[in-house]
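Shown next: final.csv, given as CSV, C-alpha atoms and all ligand atoms.
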chain,number,residue,atom,x,y,z
A,15,MET,CA,-3.6,79.4,166.1
A,16,GLN,CA,-6.3,81.4,164.2
A,17,ASP,CA,-7.3,79.8,161.0
A,18,VAL,CA,-6.8,82.0,157.9
A,19,ASN,CA,-9.5,81.9,155.2
A,20,ASP,CA,-7.2,81.0,152.4
A,21,ASN,CA,-9.3,78.3,150.7
A,22,SER,CA,-12.2,78.9,148.4
A,23,PRO,CA,-15.1,76.4,148.4
A,24,VAL,CA,-14.7,73.7,145.7
A,25,PHE,CA,-17.8,72.1,144.1
A,26,ASP,CA,-17.8,68.3,143.7
A,27,GLU,CA,-18.7,68.6,140.0
A,28,GLN,CA,-17.4,71.0,137.4
A,29,GLN,CA,-20.9,71.5,136.2
A,30,TYR,CA,-24.3,70.0,136.9
A,31,LEU,CA,-26.5,68.6,134.1
A,32,VAL,CA,-29.9,67.3,135.2
A,33,ASN,CA,-33.1,66.1,133.5
A,34,VAL,CA,-36.5,67.0,134.9
A,35,SER,CA,-39.9,66.2,133.6
A,36,GLU,CA,-42.1,69.2,132.7
A,37,ALA,CA,-44.8,67.4,134.7
A,38,ALA,CA,-42.8,67.6,137.9
A,39,PRO,CA,-44.8,69.6,140.4
A,40,VAL,CA,-43.6,72.7,142.2
A,41,GLY,CA,-41.4,71.7,145.2
A,42,THR,CA,-39.8,68.7,143.4
A,43,SER,CA,-36.1,68.4,144.2
A,44,VAL,CA,-33.9,68.7,141.2
A,45,VAL,CA,-30.4,68.1,142.5
A,46,THR,CA,-28.3,68.7,145.6
A,47,LEU,CA,-25.0,70.5,145.0
A,48,SER,CA,-22.1,69.7,147.2
A,49,ALA,CA,-19.0,71.7,147.8
A,50,ALA,CA,-16.0,71.4,150.2
A,51,ASP,CA,-13.8,74.0,151.9
A,52,ALA,CA,-10.4,73.1,153.3
A,53,ASP,CA,-10.5,75.7,156.0
A,54,THR,CA,-12.2,75.2,159.4
A,55,GLY,CA,-14.9,76.9,161.4
A,56,ALA,CA,-16.7,79.9,159.8
A,57,ASN,CA,-14.1,79.9,157.0
A,58,ALA,CA,-15.4,76.5,155.9
A,59,ARG,CA,-19.1,77.1,156.7
A,60,LEU,CA,-20.8,77.3,153.2
A,61,SER,CA,-24.0,78.8,152.0
A,62,PHE,CA,-25.4,78.6,148.5
A,63,HIS,CA,-27.4,81.1,146.3
A,64,ALA,CA,-28.4,81.2,142.6
A,65,GLU,CA,-27.6,83.8,140.0
A,66,SER,CA,-28.6,84.2,136.4
A,67,HIS,CA,-26.2,82.7,133.8
A,68,PRO,CA,-24.6,85.2,131.3
A,69,SER,CA,-26.1,83.1,128.5
A,70,SER,CA,-29.5,83.3,130.0
A,71,PRO,CA,-29.7,86.9,131.5
A,72,GLY,CA,-32.8,87.9,133.3
A,73,ASP,CA,-34.7,86.1,136.0
A,74,VAL,CA,-36.6,83.5,134.0
A,75,ASP,CA,-34.3,80.6,134.2
A,76,VAL,CA,-33.0,81.2,137.7
A,77,GLY,CA,-36.5,82.2,138.9
A,78,SER,CA,-37.8,78.7,138.1
A,79,PHE,CA,-35.8,77.3,141.0
A,80,TYR,CA,-35.4,77.7,144.7
A,81,VAL,CA,-32.0,77.1,146.3
A,82,ASP,CA,-31.8,76.0,149.9
A,83,ALA,CA,-29.0,78.1,151.2
A,84,GLU,CA,-27.6,75.7,153.7
A,85,ARG,CA,-28.0,72.3,152.0
A,86,GLY,CA,-27.4,73.3,148.3
A,87,LEU,CA,-30.7,71.6,147.5
A,88,ILE,CA,-32.4,72.9,144.4
A,89,LEU,CA,-36.2,72.7,144.1
A,90,ILE,CA,-38.7,73.6,141.4
A,91,ARG,CA,-40.2,77.0,142.3
A,92,GLN,CA,-42.3,77.6,139.2
A,93,ARG,CA,-44.0,75.0,136.9
A,94,LEU,CA,-41.7,74.0,134.0
A,95,ASP,CA,-43.0,74.0,130.4
A,96,ARG,CA,-40.8,72.3,127.9
A,97,GLU,CA,-42.7,74.0,125.1
A,98,GLN,CA,-41.7,77.3,126.5
A,99,ALA,CA,-38.2,76.5,127.6
A,100,ALA,CA,-36.6,73.1,127.0
A,101,ARG,CA,-33.3,74.0,128.7
A,102,LEU,CA,-32.8,76.2,131.8
A,103,LYS,CA,-29.3,77.4,132.8
A,104,PHE,CA,-28.2,79.3,135.9
A,105,ILE,CA,-25.2,79.6,138.3
A,106,VAL,CA,-25.0,78.5,141.9
A,107,VAL,CA,-22.5,80.3,144.1
A,108,ALA,CA,-21.0,78.7,147.2
A,109,SER,CA,-19.6,81.2,149.7
A,110,ASP,CA,-17.9,80.6,153.0
A,111,ALA,CA,-18.5,82.7,156.1
A,112,GLY,CA,-15.0,84.0,156.4
A,113,VAL,CA,-14.1,87.7,156.7
A,114,PRO,CA,-13.8,88.5,153.9
A,115,PRO,CA,-15.7,85.5,152.4
A,116,LEU,CA,-14.4,83.4,149.5
A,117,SER,CA,-16.7,81.9,146.9
A,118,SER,CA,-16.8,79.8,143.8
A,119,SER,CA,-19.5,79.1,141.3
A,120,VAL,CA,-20.8,76.3,139.1
A,121,THR,CA,-23.2,76.1,136.2
A,122,VAL,CA,-26.4,74.1,136.5
A,123,THR,CA,-28.2,73.1,133.3
A,124,VAL,CA,-31.7,71.7,133.6
A,125,SER,CA,-33.0,69.8,130.6
A,126,VAL,CA,-36.8,69.7,130.7
A,127,THR,CA,-38.1,66.4,129.4
A,128,ASP,CA,-41.4,66.2,127.5
A,129,VAL,CA,-44.8,64.9,128.5
A,130,ASN,CA,-47.9,64.9,126.4
A,131,ASP,CA,-49.6,68.1,127.7
A,132,ASN,CA,-50.7,69.7,124.4
A,133,SER,CA,-53.5,68.8,122.0
A,134,PRO,CA,-52.9,68.4,118.3
A,135,THR,CA,-54.0,71.3,116.1
A,136,PHE,CA,-55.2,71.1,112.5
A,137,ASP,CA,-53.3,73.3,110.0
A,138,GLN,CA,-56.8,74.4,108.7
A,139,ALA,CA,-60.1,74.8,110.6
A,140,ALA,CA,-61.8,73.5,107.4
A,141,TYR,CA,-60.8,71.9,104.1
A,142,GLU,CA,-62.6,71.8,100.8
A,143,ALA,CA,-62.1,69.4,97.8
A,144,SER,CA,-64.0,68.0,94.9
A,145,VAL,CA,-64.0,64.7,93.1
A,146,SER,CA,-65.8,63.1,90.2
A,147,ASP,CA,-68.5,60.6,91.0
A,148,ARG,CA,-66.7,58.3,88.5
A,149,ALA,CA,-63.4,58.4,90.4
A,150,PRO,CA,-62.0,55.0,91.0
A,151,ARG,CA,-61.7,53.6,94.5
A,152,GLY,CA,-58.6,54.9,96.2
A,153,GLN,CA,-58.3,58.2,94.3
A,154,PHE,CA,-56.7,61.0,96.2
A,155,VAL,CA,-59.2,63.7,97.3
A,156,VAL,CA,-57.4,65.9,99.9
A,157,ALA,CA,-54.8,65.6,102.7
A,158,VAL,CA,-55.5,66.9,106.1
A,159,HIS,CA,-52.7,67.7,108.6
A,160,ALA,CA,-52.3,68.5,112.2
A,161,SER,CA,-49.3,69.3,114.3
A,162,ASP,CA,-48.5,68.9,118.0
A,163,ASP,CA,-46.2,71.0,120.2
A,164,ASP,CA,-45.1,68.0,122.2
A,165,ILE,CA,-41.9,66.7,120.7
A,166,THR,CA,-42.8,63.1,121.6
A,167,ASP,CA,-45.9,63.3,119.5
A,168,ARG,CA,-44.2,64.4,116.3
A,169,GLY,CA,-45.1,62.1,113.6
A,170,ARG,CA,-47.3,60.0,115.9
A,171,LEU,CA,-50.7,61.6,115.3
A,172,THR,CA,-53.4,59.4,113.9
A,173,TYR,CA,-56.3,60.6,111.8
A,174,ALA,CA,-59.9,59.3,111.5
A,175,ILE,CA,-63.2,60.3,109.9
A,176,VAL,CA,-65.6,60.5,112.9
A,177,ASP,CA,-68.8,61.8,111.2
A,178,GLY,CA,-70.5,62.5,107.9
A,179,ASN,CA,-69.0,59.6,106.0
A,180,VAL,CA,-72.3,58.4,104.5
A,181,ARG,CA,-72.1,54.9,103.0
A,182,GLN,CA,-68.4,55.0,103.8
A,183,ALA,CA,-67.9,57.1,100.7
A,184,PHE,CA,-64.3,58.1,101.8
A,185,SER,CA,-61.5,56.7,103.8
A,186,VAL,CA,-58.6,58.3,105.5
A,187,GLU,CA,-55.1,56.9,105.9
A,188,SER,CA,-54.7,57.0,109.7
A,189,GLU,CA,-51.0,58.0,109.6
A,190,SER,CA,-50.8,60.4,106.7
A,191,GLY,CA,-54.2,62.1,106.8
A,192,VAL,CA,-54.7,61.4,103.1
A,193,ILE,CA,-58.4,61.1,102.2
A,194,THR,CA,-59.3,58.9,99.3
A,195,THR,CA,-62.4,57.7,97.6
A,196,ALA,CA,-63.8,54.5,98.9
A,197,ASN,CA,-67.4,54.2,97.8
A,198,VAL,CA,-68.1,57.2,95.7
A,199,GLY,CA,-68.7,55.5,92.3
A,200,GLY,CA,-72.3,54.7,91.7
A,201,HIS,CA,-73.2,56.7,94.8
A,202,ARG,CA,-76.1,58.3,92.9
A,203,ALA,CA,-77.6,55.0,92.0
A,204,ALA,CA,-77.5,54.2,95.7
A,205,GLY,CA,-79.2,57.4,96.6
A,206,GLY,CA,-75.9,59.1,97.5
A,207,GLN,CA,-75.4,62.8,97.9
A,208,SER,CA,-73.3,65.3,96.1
A,209,VAL,CA,-71.9,67.2,99.1
A,210,TYR,CA,-70.2,65.5,102.1
A,211,ILE,CA,-69.3,67.3,105.2
A,212,LEU,CA,-66.8,65.0,107.0
A,213,ASN,CA,-65.7,65.6,110.6
A,214,VAL,CA,-62.1,64.4,110.9
A,215,SER,CA,-60.0,64.0,114.0
A,216,ALA,CA,-56.3,64.0,114.8
A,217,SER,CA,-55.3,62.3,118.0
A,218,ASP,CA,-52.1,61.9,120.0
A,219,GLY,CA,-53.6,59.1,122.0
A,220,VAL,CA,-54.9,61.4,124.7
A,221,TYR,CA,-55.9,64.7,123.1
A,222,THR,CA,-58.0,65.0,120.0
A,223,ALA,CA,-58.6,67.9,117.6
A,224,PHE,CA,-61.3,68.2,114.9
A,225,SER,CA,-61.6,69.7,111.5
A,226,ARG,CA,-64.2,69.8,108.8
A,227,VAL,CA,-63.8,68.6,105.2
A,228,LYS,CA,-66.3,69.6,102.6
A,229,ILE,CA,-66.2,67.3,99.6
A,230,VAL,CA,-68.3,68.1,96.5
A,231,VAL,CA,-68.9,65.0,94.4
A,232,GLU,CA,-69.2,66.3,90.8
A,233,GLN,CA,-71.9,64.7,88.8
A,234,SER,CA,-70.9,63.0,85.6
A,235,ASN,CA,-73.2,62.5,82.6
A,236,LEU,CA,-74.3,58.9,82.8
A,237,PHE,CA,-77.6,58.7,80.9
A,238,THR,CA,-78.9,59.5,77.4
A,239,PRO,CA,-82.2,61.3,77.1
A,240,ARG,CA,-85.1,58.9,76.2
A,241,PHE,CA,-88.3,60.0,74.5
A,242,THR,CA,-91.4,58.9,76.4
A,243,GLN,CA,-92.8,57.5,73.2
A,244,SER,CA,-91.0,56.1,70.2
A,245,VAL,CA,-93.5,57.8,67.8
A,246,PHE,CA,-95.6,61.0,68.4
A,247,ASP,CA,-98.5,61.1,66.0
A,248,ALA,CA,-99.9,64.5,65.0
A,249,ASP,CA,-102.5,65.7,62.5
A,250,VAL,CA,-101.6,68.7,60.4
A,251,THR,CA,-104.1,70.7,58.5
A,252,VAL,CA,-103.5,73.3,55.9
A,253,ASN,CA,-104.4,76.9,56.2
A,254,GLN,CA,-104.1,77.0,60.0
A,255,PRO,CA,-102.8,80.1,61.7
A,256,ALA,CA,-99.1,80.1,62.4
A,257,GLY,CA,-98.3,78.8,65.9
A,258,LEU,CA,-100.9,76.1,66.1
A,259,VAL,CA,-99.7,73.5,68.6
A,260,VAL,CA,-99.4,70.2,66.8
A,261,THR,CA,-98.2,68.1,69.6
A,262,THR,CA,-95.8,68.2,72.5
A,263,VAL,CA,-92.9,65.7,72.7
A,264,SER,CA,-91.2,64.8,75.8
A,265,ALA,CA,-88.1,63.0,76.8
A,266,VAL,CA,-86.5,62.3,80.2
A,267,ASP,CA,-82.9,62.0,81.3
A,268,ARG,CA,-82.1,60.2,84.5
A,269,ASP,CA,-79.0,62.4,85.2
A,270,GLU,CA,-79.3,65.0,88.0
A,271,GLY,CA,-78.4,68.7,87.6
A,272,VAL,CA,-77.5,70.1,84.2
A,273,TYR,CA,-76.8,66.7,82.8
A,274,GLY,CA,-80.5,65.8,83.4
A,275,ASP,CA,-81.8,68.9,81.5
A,276,VAL,CA,-83.3,68.0,78.2
A,277,THR,CA,-83.5,70.4,75.2
A,278,TYR,CA,-85.3,69.8,72.0
A,279,SER,CA,-84.5,70.6,68.4
A,280,ILE,CA,-85.8,69.5,65.0
A,281,VAL,CA,-83.4,67.5,62.8
A,282,GLY,CA,-84.2,67.4,59.0
A,283,ASP,CA,-83.8,69.5,55.9
A,284,ASP,CA,-87.3,70.5,55.4
A,285,ALA,CA,-89.0,70.0,58.7
A,286,ASP,CA,-87.5,73.0,60.4
A,287,GLU,CA,-89.0,75.2,57.7
A,288,LEU,CA,-92.5,73.9,58.4
A,289,PHE,CA,-92.4,73.4,62.1
A,290,ASP,CA,-91.0,75.0,65.2
A,291,ILE,CA,-90.2,73.4,68.5
A,292,ASP,CA,-89.8,75.0,71.8
A,293,SER,CA,-86.3,73.9,72.9
A,294,ARG,CA,-87.3,73.8,76.6
A,295,THR,CA,-90.9,72.5,76.6
A,296,GLY,CA,-90.9,70.3,73.4
A,297,MET,CA,-94.0,72.1,72.2
A,298,PHE,CA,-94.3,71.4,68.4
A,299,GLN,CA,-95.9,74.3,66.5
A,300,GLN,CA,-96.9,74.6,62.9
A,301,PHE,CA,-95.9,77.6,60.8
A,302,LYS,CA,-98.6,79.1,58.5
A,303,THR,CA,-98.8,76.9,55.4
A,401,CA,CA,-12.6,79.0,153.1
A,402,CA,CA,-45.8,71.8,128.4
A,403,CA,CA,-49.8,66.1,122.4
A,404,CA,CA,-45.1,68.7,126.3
With the file now loaded, output its structure as structure tokens.
Ligand SMILES: [Ca+2]
Ligand SMILES: [Ca+2]
Ligand SMILES: [Ca+2]
Ligand SMILES: [Ca+2]
Amino acid sequence: MQDVNDNSPVFDEQQYLVNVSEAAPVGTSVVTLSAADADTGANARLSFHAESHPSSPGDVDVGSFYVDAERGLILIRQRLDREQAARLKFIVVASDAGVPPLSSSVTVTVSVTDVNDNSPTFDQAAYEASVSDRAPRGQFVVAVHASDDDITDRGRLTYAIVDGNVRQAFSVESESGVITTANVGGHRAAGGQSVYILNVSASDGVYTAFSRVKIVVEQSNLFTPRFTQSVFDADVTVNQPAGLVVTTVSAVDRDEGVYGDVTYSIVGDDADELFDIDSRTGMFQQFKT
């Protein structure tokens, strides 16, 4: 008696959920689908093919896989990238060879698991900050931050200062990226500098990114000007032409920059009517008497 094709193929599973590493090479087998057909002969001889899922139209998801028509074996056809597509969904249809054929379909969902295949990236190529040279140890200066597309590296990046940290003036908290003062105070007395260019790194344990941090150490006013002599003697004669130089006083200030600039002035009720001083040079001149 001739068999009638009155049974559709039936998949062993209602749906297939599989995990595949994004590092799996092309050709890796993902899963083997299995279906049964209660008929006999050609009416039960099954073949498989893939179609795009209504929720993932287009060829991207289904195109990532190759379906072996006879065995129901699914292989990776194109390299997977979790950062591009973390979940791929498609339909596999099982058809018998009856005339006409009967078929049924099942959804295959592939979750792509993460590997560390991306480098961290700093939010900024360069950072700038300033801090007083009298800042106490541990004062906040600036926070650097990097991100990483790999989900397994979220919150796991570590930061370091790899170059430019003369005399260990600064330190960075390896987990937060917060840069604080470590040895800035008194840096000038130790011959320190006023501008630091730090090279900082962010690492996920395999890949490392770099950024630049410019820190200006603002000078504070530490020293009082001191005259080079406690007394400057000068002879003054009457009837001299105005402008005769009587003497030149000088004082030094150990501060750098503007705080080290010394200006001169005469203090006294009468003296400034008789004499004039050059505020920049300290040159002391007599008015006509
Ligand atoms: Ca059948
Ligand atoms: Ca990737
Ligand atoms: Ca990474
Ligand atoms: Ca990854």
(Q) List the spatial neighbours of stretch 44-46 of chain A as a list in words - criterion: any atom at most 8 Å away, only C-alpha atoms, same-chain residues fewer than 5 positions off excluded. (A)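 Listed by chain and then number, they are Val32, Val34, Arg85, Gly86, Leu87, Ile88, Leu89 and Ile90 of chain A.
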Check: Between atom CA of A:Ala108 and atom CA of A:Ala38, what is the distance, to one decimal in Å?
Finding: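 It comes out at 26.2 Å.
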Tell me, in Å to one decimal, how far atom CA of A:Ser117 is from atom CA of A:Ile105.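 Distance between the two atoms: 12.3 Å.
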Find the residues near ligand CA 401 (chain A). Use a cut-off of 6 Å, count only C-alpha atoms and all ligand atoms, and write them as a ChimeraX atom specification. /A:19-23,51,53,57-58,110,116
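One finds atom CA of A:Ser217 at 26.7 Å from atom CA of A:Ser125.
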Output as a tab-separated table one row per residue of chain A within 7 Å of ligand CA 402 (chain A): the closest atom pair and its distance in Å to one decimal place, counting all atoms listed in the file, sorted by chain and residue number ascending.
residue	atom	partner	partner_atom	distance
A:Glu36	CA	A:CA402	CA	6.2
A:Asp95	CA	A:CA402	CA	4.1
A:Arg96	CA	A:CA402	CA	5.0
A:Glu97	CA	A:CA402	CA	5.0
A:Val129	CA	A:CA402	CA	7.0
A:Asp131	CA	A:CA402	CA	5.3
A:Asn132	CA	A:CA402	CA	6.7
Could I get the residue neighbourhood of ligand CA 403 (chain A) at 12 Å, counting all atoms listed in the file, as number ranges by chain?
A: 97, 128-135, 160-172, 216-223
Check: Smallest atom-to-atom distance to A:Ala139: which of A:Ser215, A:Ser70, A:Thr195, A:Ser264, using all atoms listed in the file?
Finding: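 Looking only at the distances to A:Ala139, the closest residue turns out to be A:Ser215.
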* Of the residues A:Phe184, A:Phe224, A:Phe301, A:Phe136, which is the one nearest to A:Ala149, using all atoms listed in the file? ->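 Smallest separation from A:Ala149 among the options: A:Phe184.
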### Task
Find the residue from A:Leu47, A:Val81, A:Gln92, A:Ala99 that sits nearest to ligand CA 404 (chain A); use all atoms listed in the file when measuring.
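That would be A:Ala99, the residue with the smallest distance to ligand CA 404 (chain A).
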Could you give me, as a compact mmCIF listing (two decimals) with C-alpha atoms, keeping the file's coordinate frame, the residues within 9 Å of A:Asn179, counting only C-alpha atoms and dropping anything in the same chain fewer than 6 positions from it?
# COMPACT_ATOMS: atom_id res chain seq x y z
CA SER A 185 -61.50 56.70 103.80
CA TYR A 210 -70.20 65.50 102.10
CA ILE A 211 -69.30 67.30 105.20
CA LEU A 212 -66.80 65.00 107.00
CA ASN A 213 -65.70 65.60 110.60
Closest of A:Ala100, A:Val266, A:Val113, A:Ala83 to ligand CA 404 (chain A), counting only C-alpha atoms and all ligand atoms, is A:Ala100
Which residues are close to stretch 274-284 of chain A, i.e. within 6 Å by all atoms listed in the file, leaving aside same-chain residues fewer than 6 positions away? Reply as a compact mmCIF listing (two decimals) with C-alpha atoms, in the coordinates of the input.
# COMPACT_ATOMS: atom_id res chain seq x y z
CA ASP A 267 -82.90 62.00 81.30
CA ARG A 268 -82.10 60.20 84.50
CA SER A 293 -86.30 73.90 72.90
CA ARG A 294 -87.30 73.80 76.60
CA GLY A 296 -90.90 70.30 73.40
Just want the 6 Å neighbourhood of A:Asp147, counted on all atoms listed in the file, with same-chain residues fewer than 4 positions away dropped. Output as a PDB file with C-alpha atoms, in the frame of the given file.
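Once written, out.pdb looks like this:
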ATOM      1  CA  VAL A 198     -68.100  57.200  95.700  1.00  0.00           C
ATOM      2  CA  GLY A 199     -68.700  55.500  92.300  1.00  0.00           C
ATOM      3  CA  VAL A 231     -68.900  65.000  94.400  1.00  0.00           C
ATOM      4  CA  GLU A 232     -69.200  66.300  90.800  1.00  0.00           C
ATOM      5  CA  GLN A 233     -71.900  64.700  88.800  1.00  0.00           C
TER       6      GLN A 233
END
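By all atoms listed in the file, and with residues fewer than 5 positions from A:Ser234 along its chain excluded, the set lying at most 9 Å from it is A:Ser146, A:Asp147, A:Arg148, A:Asp269, A:Glu270, A:Tyr273.
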Considering only C-alpha atoms and all ligand atoms, state which residue in the set A:Gln299, A:Gln254, A:Ser118, A:Ser35 is at the smallest distance from ligand CA 404 (chain A).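 For ligand CA 404 (chain A), the nearest of the given residues is A:Ser35.
If you measure from each of A:Ala64, A:Leu31, A:Val106, A:Ala37 to ligand CA 404 (chain A) using only C-alpha atoms and all ligand atoms, the closest one turns out to be A:Ala37.
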